[in-house]
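A.B. asks: For reference, the structure I am asking about is given below.
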Amino acid sequence: MGEGAARVVEWLEDRVTALQQLENPTEQDAVLLKEFETNLRDLKGEQLSG
């Protein structure tokens, strides 16, 4: 994985953690969490296969 992709993964991991720790998440927070988790899973899958 290149340096840029590694930074994206780190950024996504930070956002996922922050969203998971919200005490009163909104519907938009839940949507973002799901999208970030999906993107993170896809990037990590590419890392493993590439």
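Every chain in the structure tokens has a letter given in the order shown (A, B, ...), and although residue numbers restart at 1 in each chain, ligands are simply numbered from 1 in the order shown.
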Using only C-alpha atoms, which protein or nucleic acid residues come within 12 Å of A:Arg41? Drop anything in the same chain fewer than 3 positions from it, and give the result as a PyMOL selection string.
C.D. replies: chain A and resi 8-9+12-13+16+34-38+44-48
A.B. asks: Given the selection you just returned, output its residues as a file containing C-alpha atoms, formatted as an mmCIF file, in the first residue's frame.
C.D. replies:
```cif
data_model
loop_
_atom_site.group_PDB
_atom_site.id
_atom_site.type_symbol
_atom_site.label_atom_id
_atom_site.label_comp_id
_atom_site.auth_asym_id
_atom_site.auth_seq_id
_atom_site.Cartn_x
_atom_site.Cartn_y
_atom_site.Cartn_z
ATOM 1 C CA VAL A 8 -6.460 7.401 3.992
ATOM 2 C CA VAL A 9 -6.763 4.185 6.014
ATOM 3 C CA LEU A 12 -10.839 6.442 8.098
ATOM 4 C CA GLU A 13 -9.882 4.464 11.206
ATOM 5 C CA VAL A 16 -14.772 5.242 12.540
ATOM 6 C CA LYS A 34 -21.348 2.637 7.606
ATOM 7 C CA GLU A 35 -19.754 4.337 4.575
ATOM 8 C CA PHE A 36 -16.408 4.798 6.343
ATOM 9 C CA GLU A 37 -16.406 1.164 7.517
ATOM 10 C CA THR A 38 -17.162 -0.026 3.980
ATOM 11 C CA LYS A 44 -7.739 -3.128 3.491
ATOM 12 C CA GLY A 45 -8.980 -5.826 1.085
ATOM 13 C CA GLU A 46 -7.034 -4.192 -1.729
ATOM 14 C CA GLN A 47 -3.986 -4.066 0.515
ATOM 15 C CA LEU A 48 -4.209 -7.811 1.159
#
```
A.B. asks: Please identify all polymer residues within 10 Å of A:Leu33, counting only C-alpha atoms, omitting same-chain residues fewer than 6 positions from it, and present them as a PDB file with N, CA, C and O atoms, in the first residue's frame.
C.D. replies:
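Dumped to part.pdb:
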```pdb
ATOM      1  N   LEU A  12      -9.565   7.160   7.973  1.00  0.00           N
ATOM      2  CA  LEU A  12     -10.839   6.442   8.098  1.00  0.00           C
ATOM      3  C   LEU A  12     -10.950   5.748   9.449  1.00  0.00           C
ATOM      4  O   LEU A  12     -12.020   5.763  10.073  1.00  0.00           O
ATOM      5  N   ARG A  15     -11.873   8.271  12.044  1.00  0.00           N
ATOM      6  CA  ARG A  15     -13.276   8.697  11.929  1.00  0.00           C
ATOM      7  C   ARG A  15     -14.218   7.616  12.430  1.00  0.00           C
ATOM      8  O   ARG A  15     -15.197   7.905  13.108  1.00  0.00           O
ATOM      9  N   VAL A  16     -13.934   6.358  12.086  1.00  0.00           N
ATOM     10  CA  VAL A  16     -14.772   5.242  12.540  1.00  0.00           C
ATOM     11  C   VAL A  16     -14.765   5.189  14.061  1.00  0.00           C
ATOM     12  O   VAL A  16     -15.821   5.078  14.699  1.00  0.00           O
ATOM     13  N   THR A  17     -13.592   5.302  14.661  1.00  0.00           N
ATOM     14  CA  THR A  17     -13.481   5.267  16.118  1.00  0.00           C
ATOM     15  C   THR A  17     -14.268   6.414  16.744  1.00  0.00           C
ATOM     16  O   THR A  17     -15.018   6.208  17.702  1.00  0.00           O
ATOM     17  N   ALA A  18     -14.120   7.605  16.197  1.00  0.00           N
ATOM     18  CA  ALA A  18     -14.824   8.772  16.744  1.00  0.00           C
ATOM     19  C   ALA A  18     -16.338   8.589  16.636  1.00  0.00           C
ATOM     20  O   ALA A  18     -17.077   8.879  17.585  1.00  0.00           O
ATOM     21  N   LEU A  19     -16.809   8.114  15.501  1.00  0.00           N
ATOM     22  CA  LEU A  19     -18.248   7.921  15.320  1.00  0.00           C
ATOM     23  C   LEU A  19     -18.785   6.823  16.240  1.00  0.00           C
ATOM     24  O   LEU A  19     -19.897   6.927  16.753  1.00  0.00           O
ATOM     25  N   GLN A  20     -17.996   5.779  16.461  1.00  0.00           N
ATOM     26  CA  GLN A  20     -18.429   4.697  17.345  1.00  0.00           C
ATOM     27  C   GLN A  20     -18.533   5.163  18.794  1.00  0.00           C
ATOM     28  O   GLN A  20     -19.284   4.594  19.574  1.00  0.00           O
ATOM     29  N   PRO A  25     -25.517   9.483  18.580  1.00  0.00           N
ATOM     30  CA  PRO A  25     -25.302   9.649  17.141  1.00  0.00           C
ATOM     31  C   PRO A  25     -26.602   9.946  16.400  1.00  0.00           C
ATOM     32  O   PRO A  25     -27.669   9.449  16.769  1.00  0.00           O
ATOM     33  N   GLU A  27     -28.783  10.101  12.649  1.00  0.00           N
ATOM     34  CA  GLU A  27     -28.931   9.188  11.513  1.00  0.00           C
ATOM     35  C   GLU A  27     -27.794   9.424  10.513  1.00  0.00           C
ATOM     36  O   GLU A  27     -27.255   8.476   9.939  1.00  0.00           O
ATOM     37  N   ASN A  39     -15.604   1.659   3.183  1.00  0.00           N
ATOM     38  CA  ASN A  39     -14.406   2.125   2.481  1.00  0.00           C
ATOM     39  C   ASN A  39     -13.144   1.545   3.101  1.00  0.00           C
ATOM     40  O   ASN A  39     -12.215   1.157   2.392  1.00  0.00           O
TER      41      ASN A  39
END
```
A.B. asks: Using only C-alpha atoms for the distances, tell me which of A:Arg7, A:Gly2, A:Leu22, A:Gln28 is nearest to A:Leu40.
C.D. replies: A:Arg7
A.B. asks: Pull the alpha helix (DSSP H) assignments for chain A out of DSSP run on the backbone, and list those residues as a PyMOL selection string.
C.D. replies: chain A and resi 3-20+27-49
